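Colleague: protein-v5.cif is reproduced in full below (mmCIF, C-alpha atoms).
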data_entry
#
loop_
_atom_site.label_atom_id
_atom_site.label_comp_id
_atom_site.auth_asym_id
_atom_site.auth_seq_id
_atom_site.Cartn_x
_atom_site.Cartn_y
_atom_site.Cartn_z
CA MET M 1 -47.39 -15.64 182.07
CA LYS M 2 -50.60 -14.78 180.24
CA GLN M 3 -48.64 -13.90 177.10
CA SER M 4 -46.83 -17.24 177.06
CA ALA M 5 -50.16 -19.07 177.38
CA VAL M 6 -51.37 -17.26 174.25
CA ASP M 7 -48.13 -18.15 172.45
CA THR M 8 -48.52 -21.82 173.40
CA LYS M 9 -52.11 -21.82 172.16
CA SER M 10 -51.21 -20.17 168.85
CA ARG M 11 -48.37 -22.65 168.30
CA TRP M 12 -50.88 -25.49 168.43
CA THR M 13 -53.50 -23.77 166.31
CA ILE M 14 -53.27 -25.00 162.75
CA LEU M 15 -55.96 -22.68 161.37
CA ALA M 16 -55.05 -19.15 160.35
CA HIS M 17 -58.45 -17.85 161.53
CA PRO M 18 -60.79 -19.60 164.02
CA GLU M 19 -63.81 -19.21 161.70
CA ASP M 20 -62.04 -21.29 159.03
CA ILE M 21 -63.15 -24.42 160.87
CA HIS M 22 -66.39 -23.94 158.91
CA CYS M 23 -64.45 -24.25 155.64
CA VAL M 24 -62.84 -27.52 156.73
CA VAL M 25 -66.14 -29.00 157.98
CA PHE M 26 -67.94 -28.02 154.76
CA HIS M 27 -65.30 -29.65 152.57
CA LEU M 28 -65.12 -32.84 154.65
CA LEU M 29 -68.92 -33.15 154.50
CA THR M 30 -68.74 -32.72 150.72
CA LEU M 31 -66.19 -35.54 150.45
CA ALA M 32 -68.32 -37.67 152.79
CA ALA M 33 -71.37 -37.10 150.56
CA TYR M 34 -69.40 -38.29 147.52
CA GLY M 35 -68.18 -41.32 149.50
CA CYS M 36 -71.73 -42.25 150.60
CA ALA M 37 -73.08 -41.88 147.05
CA PHE M 38 -70.30 -44.12 145.69
CA TRP M 39 -70.95 -46.74 148.37
CA LEU M 40 -74.69 -46.82 147.70
CA TYR M 41 -74.16 -47.02 143.94
CA LEU M 42 -71.90 -50.03 144.44
CA HIS M 43 -74.46 -51.65 146.79
CA PRO M 44 -77.77 -51.08 144.96
CA GLU M 45 -79.62 -53.58 147.18
CA TRP M 46 -79.32 -51.06 150.05
CA ILE M 47 -81.31 -48.43 148.16
CA HIS M 48 -83.81 -50.73 146.43
CA ALA M 49 -82.31 -49.83 143.05
CA GLU M 50 -81.57 -53.11 141.35
CA ASP M 51 -83.24 -52.11 138.04
CA VAL M 52 -81.73 -49.59 135.59
CA TRP M 53 -84.39 -46.88 136.03
CA SER M 54 -84.22 -46.83 139.82
CA ARG M 55 -80.44 -46.68 139.65
CA LEU M 56 -80.67 -43.81 137.17
CA ALA M 57 -83.07 -41.98 139.49
CA PHE M 58 -80.55 -42.31 142.32
CA VAL M 59 -77.68 -41.08 140.12
CA VAL M 60 -79.64 -37.99 138.98
CA ALA M 61 -80.80 -37.17 142.53
CA ALA M 62 -77.30 -37.60 143.95
CA ALA M 63 -75.72 -35.68 141.03
CA ILE M 64 -77.96 -32.64 141.65
CA MET M 65 -77.12 -32.53 145.36
CA LEU M 66 -73.42 -33.35 144.91
CA GLY M 67 -73.19 -30.76 142.16
CA TRP M 68 -74.82 -28.15 144.32
CA ILE M 69 -72.40 -28.65 147.21
CA SER M 70 -69.40 -28.97 144.87
CA GLY M 71 -70.28 -25.62 143.34
CA ILE M 72 -70.29 -23.95 146.76
CA ASP M 73 -67.28 -25.93 147.94
CA LEU M 74 -65.18 -24.65 145.04
CA GLY M 75 -66.73 -21.35 143.97
CA VAL M 76 -67.10 -20.01 147.50
CA ASN M 77 -65.28 -22.17 150.03
CA PHE M 78 -62.03 -22.89 148.15
CA HIS M 79 -62.37 -19.40 146.69
CA ASN M 80 -61.85 -17.94 150.18
CA HIS M 81 -58.72 -20.06 150.57
CA THR M 82 -57.23 -18.59 147.37
CA HIS M 83 -57.43 -15.13 148.95
CA ARG M 84 -56.55 -16.01 152.53
CA ARG M 85 -54.94 -19.38 153.21
CA ILE M 86 -56.84 -21.19 155.93
CA PHE M 87 -53.87 -22.99 157.52
CA ARG M 88 -50.74 -21.57 159.04
CA ALA M 89 -48.43 -24.14 157.40
CA GLU M 90 -47.83 -23.58 153.70
CA TRP M 91 -47.42 -27.31 152.84
CA LEU M 92 -50.82 -27.97 154.45
CA ASN M 93 -52.38 -25.15 152.44
CA ARG M 94 -50.96 -26.54 149.19
CA TRP M 95 -52.01 -30.15 149.78
CA PHE M 96 -55.37 -29.43 151.37
CA GLY M 97 -56.00 -27.13 148.39
CA ARG M 98 -55.20 -29.92 145.94
CA LEU M 99 -57.53 -32.27 147.83
CA TRP M 100 -60.15 -29.53 147.88
CA ALA M 101 -60.53 -28.38 144.27
CA PHE M 102 -60.21 -31.83 142.66
CA SER M 103 -63.63 -32.91 143.95
CA SER M 104 -65.14 -30.03 141.96
CA GLY M 105 -63.34 -30.90 138.73
CA TRP M 106 -60.48 -28.39 139.03
CA SER M 107 -56.78 -28.33 139.77
CA SER M 108 -56.32 -25.97 142.73
CA PHE M 109 -53.56 -24.07 140.92
CA TYR M 110 -55.65 -23.66 137.77
CA TRP M 111 -58.59 -22.30 139.72
CA TRP M 112 -56.33 -19.93 141.68
CA HIS M 113 -54.87 -18.66 138.39
CA ALA M 114 -58.33 -18.14 136.85
CA HIS M 115 -59.69 -16.38 139.89
CA VAL M 116 -56.82 -14.29 141.22
CA ILE M 117 -54.57 -13.64 138.19
CA VAL M 118 -57.32 -13.41 135.58
CA HIS M 119 -60.51 -12.28 137.36
CA HIS M 120 -59.43 -10.12 140.31
CA LYS M 121 -56.52 -8.40 138.60
CA ASN M 122 -58.52 -7.53 135.45
CA LEU M 123 -62.07 -7.23 136.74
CA LEU M 124 -64.41 -6.44 133.80
CA GLY M 125 -61.35 -5.76 131.63
CA PRO M 126 -60.70 -7.23 128.17
CA THR M 127 -58.45 -10.02 129.52
CA ASP M 128 -60.87 -11.25 132.22
CA TRP M 129 -62.01 -14.39 130.40
CA THR M 130 -63.78 -15.79 133.47
CA LEU M 131 -66.76 -13.48 132.92
CA PRO M 132 -69.44 -13.69 130.19
CA ARG M 133 -68.49 -12.27 126.81
CA ARG M 134 -69.96 -8.89 125.90
CA ARG M 135 -72.32 -7.93 123.11
CA PRO M 136 -71.49 -4.85 120.94
CA ASP M 137 -73.63 -2.68 123.27
CA GLY M 138 -71.51 -3.77 126.26
CA SER M 139 -74.12 -6.04 127.86
CA PHE M 140 -73.35 -9.63 128.94
CA GLU M 141 -74.19 -12.54 126.64
CA ASN M 142 -77.17 -14.71 127.69
CA MET M 143 -76.58 -16.59 130.95
CA PHE M 144 -77.93 -19.85 129.52
CA TRP M 145 -75.28 -19.71 126.80
CA TYR M 146 -72.43 -18.49 129.02
CA CYS M 147 -72.80 -21.21 131.68
CA PRO M 148 -72.45 -24.35 129.50
CA ALA M 149 -69.93 -22.67 127.17
CA HIS M 150 -67.63 -21.51 129.97
CA TYR M 151 -66.97 -24.81 131.77
CA PRO M 152 -65.02 -26.75 130.70
CA TRP M 153 -64.67 -25.55 127.11
CA ARG M 154 -63.69 -21.88 127.27
CA CYS M 155 -61.82 -22.40 130.54
CA ALA M 156 -59.63 -25.12 129.03
CA LEU M 157 -58.81 -23.04 125.96
CA ASP M 158 -58.05 -19.86 127.90
CA LEU M 159 -55.98 -21.69 130.51
CA TRP M 160 -53.98 -23.30 127.67
CA ARG M 161 -53.38 -19.85 126.14
CA ASP M 162 -52.39 -18.34 129.50
CA PHE M 163 -49.98 -21.10 130.48
CA THR M 164 -48.32 -21.41 127.08
CA SER M 165 -47.82 -17.63 126.96
CA GLY M 166 -46.46 -17.53 130.52
CA ARG M 167 -49.19 -15.25 131.88
CA GLY M 168 -49.03 -14.43 135.57
CA GLN M 169 -45.64 -15.51 136.83
CA THR M 170 -42.30 -16.97 135.78
CA GLY M 171 -42.24 -20.75 135.49
CA VAL M 172 -46.03 -20.94 135.18
CA LYS M 173 -45.83 -23.45 132.30
CA ARG M 174 -43.83 -25.99 134.34
CA ARG M 175 -46.03 -25.49 137.40
CA ALA M 176 -49.14 -26.00 135.26
CA VAL M 177 -47.81 -29.35 134.00
CA VAL M 178 -46.89 -30.58 137.51
CA GLU M 179 -50.26 -29.54 138.93
CA LEU M 180 -52.12 -31.14 136.02
CA VAL M 181 -50.40 -34.48 136.70
CA ILE M 182 -51.25 -34.31 140.43
CA PHE M 183 -54.84 -33.36 139.60
CA LEU M 184 -55.28 -36.18 137.09
CA LEU M 185 -53.92 -38.75 139.55
CA LEU M 186 -56.40 -37.66 142.23
CA TRP M 187 -59.33 -37.00 139.92
CA SER M 188 -59.07 -40.41 138.21
CA ILE M 189 -59.54 -42.39 141.48
CA PRO M 190 -63.33 -42.98 141.01
CA PHE M 191 -62.65 -44.24 137.47
CA TRP M 192 -60.37 -46.96 138.85
CA ILE M 193 -63.23 -48.12 141.11
CA ASP M 194 -66.05 -48.13 138.51
CA PRO M 195 -65.97 -46.07 135.27
CA LEU M 196 -69.78 -45.87 134.98
CA MET M 197 -70.09 -44.75 138.57
CA ALA M 198 -67.41 -42.12 137.93
CA LEU M 199 -69.34 -40.73 134.98
CA GLY M 200 -72.65 -40.51 136.89
CA LEU M 201 -71.49 -39.58 140.39
CA TRP M 202 -68.24 -37.73 139.74
CA VAL M 203 -68.16 -36.11 136.26
CA LEU M 204 -71.90 -35.30 136.12
CA PRO M 205 -72.07 -33.58 139.55
CA GLN M 206 -68.91 -31.62 138.80
CA TRP M 207 -70.36 -30.50 135.48
CA PHE M 208 -73.62 -29.56 137.23
CA GLY M 209 -71.80 -27.67 139.98
CA ASN M 210 -69.57 -25.71 137.61
CA VAL M 211 -72.21 -24.98 134.98
CA TRP M 212 -75.42 -24.49 136.98
CA ASN M 213 -74.14 -23.35 140.36
CA ILE M 214 -70.87 -21.46 139.88
CA GLY M 215 -71.82 -20.23 136.38
CA PRO M 216 -74.99 -18.32 137.38
CA GLY M 217 -73.11 -17.03 140.44
CA MET M 218 -70.30 -15.59 138.32
CA TYR M 219 -72.91 -14.11 135.99
CA VAL M 220 -75.06 -12.29 138.56
CA GLN M 221 -72.08 -11.02 140.55
CA HIS M 222 -71.09 -8.66 137.72
CA VAL M 223 -74.01 -8.39 135.27
CA GLY M 224 -74.98 -4.79 134.52
CA CYS M 225 -71.71 -3.55 136.04
CA ILE M 226 -68.96 -1.25 134.78
CA PRO M 227 -65.22 -1.20 135.58
CA LYS M 228 -64.17 0.57 138.75
CA SER M 229 -63.45 4.30 138.41
CA ALA M 230 -63.16 7.36 140.64
CA SER M 231 -66.78 8.33 139.97
CA SER M 232 -68.12 4.76 140.27
CA PRO M 233 -65.98 2.99 142.88
CA TYR M 234 -68.69 0.40 143.73
CA SER M 235 -70.27 -0.26 140.34
CA HIS M 236 -68.04 -3.22 139.41
CA SER M 237 -70.12 -5.80 141.29
CA ASN M 238 -73.53 -6.49 142.80
CA THR M 239 -74.07 -7.22 146.50
CA PHE M 240 -76.74 -9.69 147.71
CA LEU M 241 -78.09 -9.47 151.25
CA SER M 242 -80.19 -12.63 151.77
CA ARG M 243 -79.24 -13.78 155.28
CA PHE M 244 -79.92 -17.45 154.50
CA PHE M 245 -77.88 -17.26 151.30
CA ASN M 246 -74.93 -15.58 153.02
CA LEU M 247 -75.10 -17.95 156.00
CA THR M 248 -74.83 -21.00 153.73
CA THR M 249 -72.30 -19.54 151.25
CA PHE M 250 -69.61 -17.98 153.45
CA ASN M 251 -70.88 -14.40 152.86
CA ILE M 252 -70.10 -14.46 149.14
CA GLY M 253 -73.11 -12.17 148.61
CA TYR M 254 -71.03 -9.23 149.89
CA HIS M 255 -69.34 -9.06 146.52
CA ILE M 256 -68.69 -5.31 146.14
CA GLU M 257 -66.92 -5.40 149.48
CA HIS M 258 -65.01 -8.55 148.54
CA HIS M 259 -63.61 -7.05 145.31
CA ASN M 260 -62.65 -3.78 146.95
CA PHE M 261 -61.02 -5.54 149.91
CA PRO M 262 -60.16 -9.14 148.84
CA GLY M 263 -57.88 -9.58 151.84
CA VAL M 264 -60.73 -9.16 154.35
CA HIS M 265 -61.70 -12.49 155.90
CA TRP M 266 -65.06 -13.87 154.69
CA SER M 267 -66.49 -13.86 158.23
CA GLU M 268 -65.81 -10.11 158.57
CA LEU M 269 -67.54 -9.01 155.35
CA PRO M 270 -70.94 -8.23 157.00
CA PHE M 271 -69.19 -5.82 159.41
CA LEU M 272 -67.29 -4.20 156.54
CA HIS M 273 -70.57 -3.87 154.67
CA GLU M 274 -72.16 -2.03 157.60
CA ARG M 275 -69.20 0.35 157.76
CA LEU M 276 -69.50 1.12 154.04
CA LYS M 277 -73.29 1.34 153.98
CA ASP M 278 -73.63 5.14 153.68
CA GLU M 279 -71.02 5.28 150.95
CA LEU M 280 -72.69 2.42 149.05
CA ILE M 281 -75.96 4.35 149.06
CA GLU M 282 -74.30 7.60 148.05
CA LYS M 283 -72.38 6.00 145.16
CA ASN M 284 -75.37 4.09 143.72
CA ALA M 285 -74.12 0.61 144.56
CA HIS M 286 -76.39 -2.20 143.37
CA VAL M 287 -77.57 -4.00 146.52
CA LEU M 288 -80.24 -6.71 146.24
CA PRO M 289 -82.45 -8.22 148.94
CA PHE M 290 -82.09 -11.87 147.87
CA GLY M 291 -79.37 -14.41 146.88
CA TYR M 292 -77.73 -15.64 143.68
CA TYR M 293 -80.13 -18.49 142.96
CA ARG M 294 -83.20 -16.31 142.61
CA ALA M 295 -81.20 -13.66 140.74
CA GLY M 296 -79.79 -16.24 138.30
CA TRP M 297 -83.10 -17.85 137.44
CA ASN M 298 -84.92 -14.50 137.18
CA GLY M 299 -82.49 -12.50 135.05
CA SER M 300 -84.81 -9.53 134.51
CA MET M 301 -84.36 -8.58 138.18
CA MET M 302 -80.67 -7.90 137.49
CA GLU M 303 -81.22 -5.26 134.80
CA ALA M 304 -79.36 -1.98 135.20
CA VAL M 305 -79.89 0.94 132.83
CA ARG M 306 -77.13 3.56 132.81
CA ASN M 307 -77.11 7.00 131.18
CA ASN M 308 -74.01 8.55 129.61
CA GLU M 309 -72.71 9.50 133.03
CA GLN M 310 -72.55 5.76 133.83
CA SER M 311 -72.93 6.47 137.55
CA ASP M 312 -76.57 7.55 137.14
CA VAL M 313 -78.32 4.22 136.99
CA GLU M 314 -81.79 2.71 137.24
CA PHE M 315 -81.94 -0.80 138.71
CA ALA M 316 -84.83 -3.17 138.06
CA VAL M 317 -84.56 -4.27 141.71
CA GLN M 318 -82.76 -2.50 144.55
CA HIS M 319 -82.84 -3.27 148.28
CA PRO M 320 -85.17 -0.63 149.83
CA ASP M 321 -82.54 0.40 152.40
CA TYR M 322 -80.08 1.25 149.61
CA VAL M 323 -82.11 3.70 147.54
CA GLN M 324 -80.75 7.26 147.39
CA LEU M 325 -83.27 9.43 149.24
CA SER M 326 -82.21 12.62 147.40
CA LYS M 327 -83.15 11.20 144.00
CA MET Z 328 -71.52 -23.93 177.51
CA ARG Z 329 -73.78 -21.49 175.73
CA GLN Z 330 -70.86 -20.30 173.61
CA ILE Z 331 -70.01 -23.89 172.60
CA SER Z 332 -73.61 -24.72 171.68
CA SER Z 333 -73.99 -21.53 169.62
CA ARG Z 334 -70.75 -22.41 167.82
CA ILE Z 335 -72.07 -25.90 167.01
CA VAL Z 336 -75.33 -24.39 165.74
CA LEU Z 337 -73.33 -22.01 163.52
CA ILE Z 338 -71.23 -24.86 162.10
CA LEU Z 339 -74.41 -26.82 161.33
CA GLY Z 340 -76.00 -23.69 159.79
CA ARG Z 341 -73.04 -22.95 157.55
CA SER Z 342 -72.91 -26.61 156.45
CA LEU Z 343 -76.67 -26.88 156.03
CA ILE Z 344 -76.47 -27.59 152.29
CA PRO Z 345 -73.94 -30.48 152.46
CA ILE Z 346 -75.87 -31.89 155.43
CA THR Z 347 -79.07 -31.73 153.34
CA ALA Z 348 -77.24 -33.46 150.49
CA LEU Z 349 -76.08 -36.21 152.85
CA ILE Z 350 -79.62 -36.66 154.21
CA ILE Z 351 -81.09 -36.96 150.71
CA ILE Z 352 -78.36 -39.38 149.57
CA LEU Z 353 -78.37 -41.56 152.71
CA GLY Z 354 -82.15 -41.25 153.05
CA THR Z 355 -82.42 -43.29 149.85
CA ILE Z 356 -81.81 -46.35 152.05
CA TRP Z 357 -85.17 -45.71 153.76
CA TRP Z 358 -87.36 -44.09 151.12
CA GLY Z 359 -85.82 -45.29 147.83
CA PRO Z 360 -84.34 -43.47 144.79
CA TRP Z 361 -87.56 -41.95 143.41
CA ILE Z 362 -88.30 -39.95 146.57
CA SER Z 363 -84.67 -38.80 146.61
CA LEU Z 364 -85.04 -37.60 143.04
CA LEU Z 365 -88.22 -35.74 143.98
CA LEU Z 366 -86.50 -34.12 146.98
CA ALA Z 367 -83.46 -33.06 144.91
CA ALA Z 368 -85.68 -31.55 142.21
CA ALA Z 369 -87.76 -29.77 144.87
CA TRP Z 370 -84.58 -28.41 146.45
CA TRP Z 371 -83.43 -26.99 143.10
CA PHE Z 372 -86.86 -25.53 142.38
CA MET Z 373 -87.23 -23.90 145.80
CA ALA Z 374 -83.71 -22.44 145.89
CA GLY Z 375 -84.25 -20.80 142.49
CA ARG Z 376 -87.40 -19.10 143.72
CA LEU Z 377 -86.70 -18.27 147.32
CA VAL Z 378 -82.97 -17.66 147.84
#
Show me, as structure tokens, the structure contained in the file I just sent.

Modeller:
Amino acid sequence: MKQSAVDTKSRWTILAHPEDIHCVVFHLLTLAAYGCAFWLYLHPEWIHAEDVWSRLAFVVAAAIMLGWISGIDLGVNFHNHTHRRIFRAEWLNRWFGRLWAFSSGWSSFYWWHAHVIVHHKNLLGPTDWTLPRRRPDGSFENMFWYCPAHYPWRCALDLWRDFTSGRGQTGVKRRAVVELVIFLLLWSIPFWIDPLMALGLWVLPQWFGNVWNIGPGMYVQHVGCIPKSASSPYSHSNTFLSRFFNLTTFNIGYHIEHHNFPGVHWSELPFLHERLKDELIEKNAHVLPFGYYRAGWNGSMMEAVRNNEQSDVEFAVQHPDYVQLSK
Amino acid sequence: MRQISSRIVLILGRSLIPITALIIILGTIWWGPWISLLLAAAWWFMAGRLV
């Protein structure tokens, strides 16, 4: 009797994991924020912005906030969905995904390709074009060059190369064309309403979110790192332990853990981190006591100096609980 | 009851940033666009230093 009650409940549960309700709420709030900004732009008398300068002030303020939440909504929230689908029905996953990534200036399929096929499968390798380019000494290029160069310019070129060469899976070229058409139909909606509004409150926030929110995040996640090896199994990424940052970004700070176990649900990463703690200390994992924002804007804190052994490393900043006591 | 309220608090906590964005955008109705711009710039400045 008890078993059948559980079966009935699971039949009516559309989410794959109960914690994924947070993902849905976050995305719906993001869409609501865009909707409110559009409405207020079209009714300037409501916000006392009848002159050009006041209207511009509103557009810049809204673009910063919309960009910020779009960056998290795509780079973290949708990101989780690319690893573990949040719904039980595949058609719902596909369509919710399309209606998810478009508000951050991406086709869901294109972002999945860039993240899973390119980044995760070739982490820090020569074909991982999602990361900053490397200087001759192996270090990352400057973050303030990488961020504006990567989106949309390098992304567009590399995606073109990948899809025309058939990278990833059979039929990828045809799928890329179909998904591009669906994306353009959805993405162009604000332009049909008001082209100027679309530039200020749609294109600008998406540019801001991709360049100045996701870009620094991608940079600090792997700066100073080396490809995974038997002697350095945790040196491919940096982990960030700010509780506020991880609360508001679906635990993306647990990045070493995420790359080693991408199938682990985002809500379970703190527990996985605790289980791995001793090993992280022993293997010189880079664990920092703050979040991405502070790390991105204060690049010197991310410096890592390695000797020829590669696993013997000096970090500019390391969480005090993660310093090897024997050193 | 306690479980439900803690779940609501967690949902609000995880969505704190979009809720803040909504408050700043909708708050423009009361305080005008220049205060919203100031709040957005302050948000960016504080996040880069504290989080």

Colleague: Would you mind listing, for every residue of range 224-300 of chain M within 12 Å of range 339-345 of chain Z, the two atoms forming the shortest contact and the distance between them in Å to one decimal, using all atoms listed in the file, sorted by chain and ascending residue number, as a tab-separated table?

Modeller:
residue	atom	partner	partner_atom	distance
M:Arg243	CA	Z:Arg341	CA	11.3
M:Phe244	CA	Z:Gly340	CA	9.1
M:Phe245	CA	Z:Arg341	CA	9.7
M:Asn246	CA	Z:Arg341	CA	8.9
M:Leu247	CA	Z:Arg341	CA	5.6
M:Thr248	CA	Z:Arg341	CA	4.6
M:Thr249	CA	Z:Arg341	CA	7.2
M:Phe250	CA	Z:Arg341	CA	7.3
M:Asn251	CA	Z:Arg341	CA	10.0
M:Ser267	CA	Z:Arg341	CA	11.2

Colleague: Hey, could you make a per-residue contact list for chain M against chain Z with 8 Å as the cut-off, showing the nearest pair of atoms and its distance in Å to one decimal, counting all atoms listed in the file, sorted by chain and number, as CSV?

Modeller:
residue,atom,partner,partner_atom,distance
M:His22,CA,Z:Ile338,CA,5.9
M:Val25,CA,Z:Ser342,CA,7.3
M:Phe26,CA,Z:Ser342,CA,5.4
M:Leu29,CA,Z:Pro345,CA,6.0
M:Thr30,CA,Z:Pro345,CA,5.9
M:Ala32,CA,Z:Leu349,CA,7.9
M:Ala33,CA,Z:Leu349,CA,5.3
M:Cys36,CA,Z:Leu353,CA,7.0
M:Ala37,CA,Z:Ile352,CA,6.4
M:Trp46,CA,Z:Ile356,CA,5.7
M:Ile47,CA,Z:Ile356,CA,4.4
M:His48,CA,Z:Gly359,CA,6.0
M:Ala49,CA,Z:Pro360,CA,6.9
M:Ser54,CA,Z:Pro360,CA,6.0
M:Arg55,CA,Z:Pro360,CA,7.2
M:Ala57,CA,Z:Pro360,CA,5.7
M:Phe58,CA,Z:Pro360,CA,4.7
M:Val60,CA,Z:Leu364,CA,6.8
M:Ala61,CA,Z:Leu364,CA,4.3
M:Ala62,CA,Z:Ile352,CA,6.0
M:Ile64,CA,Z:Ala367,CA,6.4
M:Met65,CA,Z:Ala348,CA,5.2
M:Leu66,CA,Z:Ala348,CA,6.8
M:Ile69,CA,Z:Pro345,CA,5.8
M:Ser242,CA,Z:Val378,CA,7.0
M:Phe244,CA,Z:Val378,CA,7.3
M:Phe245,CA,Z:Val378,CA,6.2
M:Leu247,CA,Z:Arg341,CA,5.6
M:Thr248,CA,Z:Arg341,CA,4.6
M:Thr249,CA,Z:Arg341,CA,7.2
M:Phe250,CA,Z:Arg341,CA,7.3
M:Phe290,CA,Z:Val378,CA,5.9
M:Gly291,CA,Z:Val378,CA,4.9
M:Tyr292,CA,Z:Val378,CA,7.0
M:Tyr293,CA,Z:Gly375,CA,4.7
M:Arg294,CA,Z:Gly375,CA,4.6
M:Ala295,CA,Z:Gly375,CA,8.0
M:Gly296,CA,Z:Gly375,CA,7.6
M:Trp297,CA,Z:Gly375,CA,6.0

Colleague: Given the file above and the PyMOL selection byres ((chain M and resi 282) around 12), which residues are selected, and can you give them as a ChimeraX atom specification?

Modeller: /M:231-235,276-281,283-286,311-312,321-327

Colleague: Can you work out the spacing between CA of Gly138 in chain M and CA of Ala316 in chain M in Å, to one decimal?

Modeller: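 If I compute the distance from CA of Gly138 in chain M to CA of Ala316 in chain M, I get 17.8 Å.
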
Colleague: Just checking: using only C-alpha atoms, which residue out of M:Val24, M:Ile256, M:Cys155, M:Leu241 ends up closest to Pro320 in chain M?

Modeller: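 Using only C-alpha atoms, the shortest distance to Pro320 in chain M belongs to M:Leu241.
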
Colleague: Suppose you want the space between CA of Met302 in chain M and CA of Cys147 in chain M; what is it in Å?

Modeller: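 Taking CA of Met302 in chain M as the start and CA of Cys147 in chain M as the end point, the length is 16.5 Å.
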
Colleague: Separation of CA of Gly200 in chain M and CA of His43 in chain M, in Å?

Modeller: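 Taking CA of Gly200 in chain M as the start and CA of His43 in chain M as the end point, the length is 15.0 Å.
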
Colleague: Quick one: axis-aligned box around all listed atoms of range 344-356 of chain Z, 5 Å on every side, centre and edge lengths in Å to one decimal, written as JSON.

Modeller:
{"center_x": -78.2, "center_y": -37.0, "center_z": 152.5, "size_x": 18.5, "size_y": 28.8, "size_z": 15.9}

Colleague: Would you kindly translate the PyMOL selection byres ((chain M and resi 304) around 12) into the concrete residues it picks from this file, as a VMD selection string?

Modeller: chain M and resid 139 to 140 220 222 to 226 235 237 to 238 284 to 287 299 to 303 305 to 307 310 to 318

Colleague: Excluding same-chain residues fewer than 4 positions from Val203 in chain M, what lies within 9 Å of it counting only C-alpha atoms, as a list in words?

Modeller: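 Counting only C-alpha atoms, the residues come to Ala63, Ser104, Gly105, Ala198, Leu199, Trp207 and Phe208 of chain M.
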
Colleague: Excluding range 115-129 of chain M and any residue of its chain fewer than 6 positions from it, enumerate the residues within 12 Å of it, using only C-alpha atoms, and give them as a PyMOL selection string.

Modeller: chain M and resi 74-76+78-84+108-109+138-140+146+149-151+153-159+161-163+166-169+172+218-219+221-229+235-237+255-256+258-263

Colleague: Find the residues with any atom within 8 Å of (-53.4, -23.9, 159.4); use only C-alpha atoms and the coordinates as given in the file, and write the answer as a list of chain:residue names.

Modeller: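 In the file's frame, the residues around the point are M:Thr13, M:Ile14, M:Leu15, M:Ala16, M:Arg85, M:Ile86, M:Phe87, M:Arg88, M:Ala89, M:Glu90, M:Leu92, M:Asn93.
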
Colleague: Step by step: start from the point (-54.7, -28.5, 136.2) in the file's coordinates, keep every protein, DNA or RNA residue that has an atom no farther than 7 Å from it, count all atoms listed in the file, and write the set as an mmCIF file with C-alpha atoms, in the coordinates of the input.

Modeller:
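So the final result, stored in out38.cif, reads:
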data_model
loop_
_atom_site.group_PDB
_atom_site.id
_atom_site.type_symbol
_atom_site.label_atom_id
_atom_site.label_comp_id
_atom_site.auth_asym_id
_atom_site.auth_seq_id
_atom_site.Cartn_x
_atom_site.Cartn_y
_atom_site.Cartn_z
ATOM 1 C CA TRP M 106 -60.480 -28.390 139.030
ATOM 2 C CA SER M 107 -56.780 -28.330 139.770
ATOM 3 C CA PHE M 109 -53.560 -24.070 140.920
ATOM 4 C CA TYR M 110 -55.650 -23.660 137.770
ATOM 5 C CA ALA M 176 -49.140 -26.000 135.260
ATOM 6 C CA GLU M 179 -50.260 -29.540 138.930
ATOM 7 C CA LEU M 180 -52.120 -31.140 136.020
ATOM 8 C CA PHE M 183 -54.840 -33.360 139.600
#

Colleague: Excluding same-chain residues fewer than 6 positions from Met197 in chain M, what lies within 9 Å of it counting only C-alpha atoms, as a list in words?

Modeller: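 Listing them by chain and then by number gives Phe38, Tyr41, Leu42, Val59, Pro190 and Phe191 of chain M.
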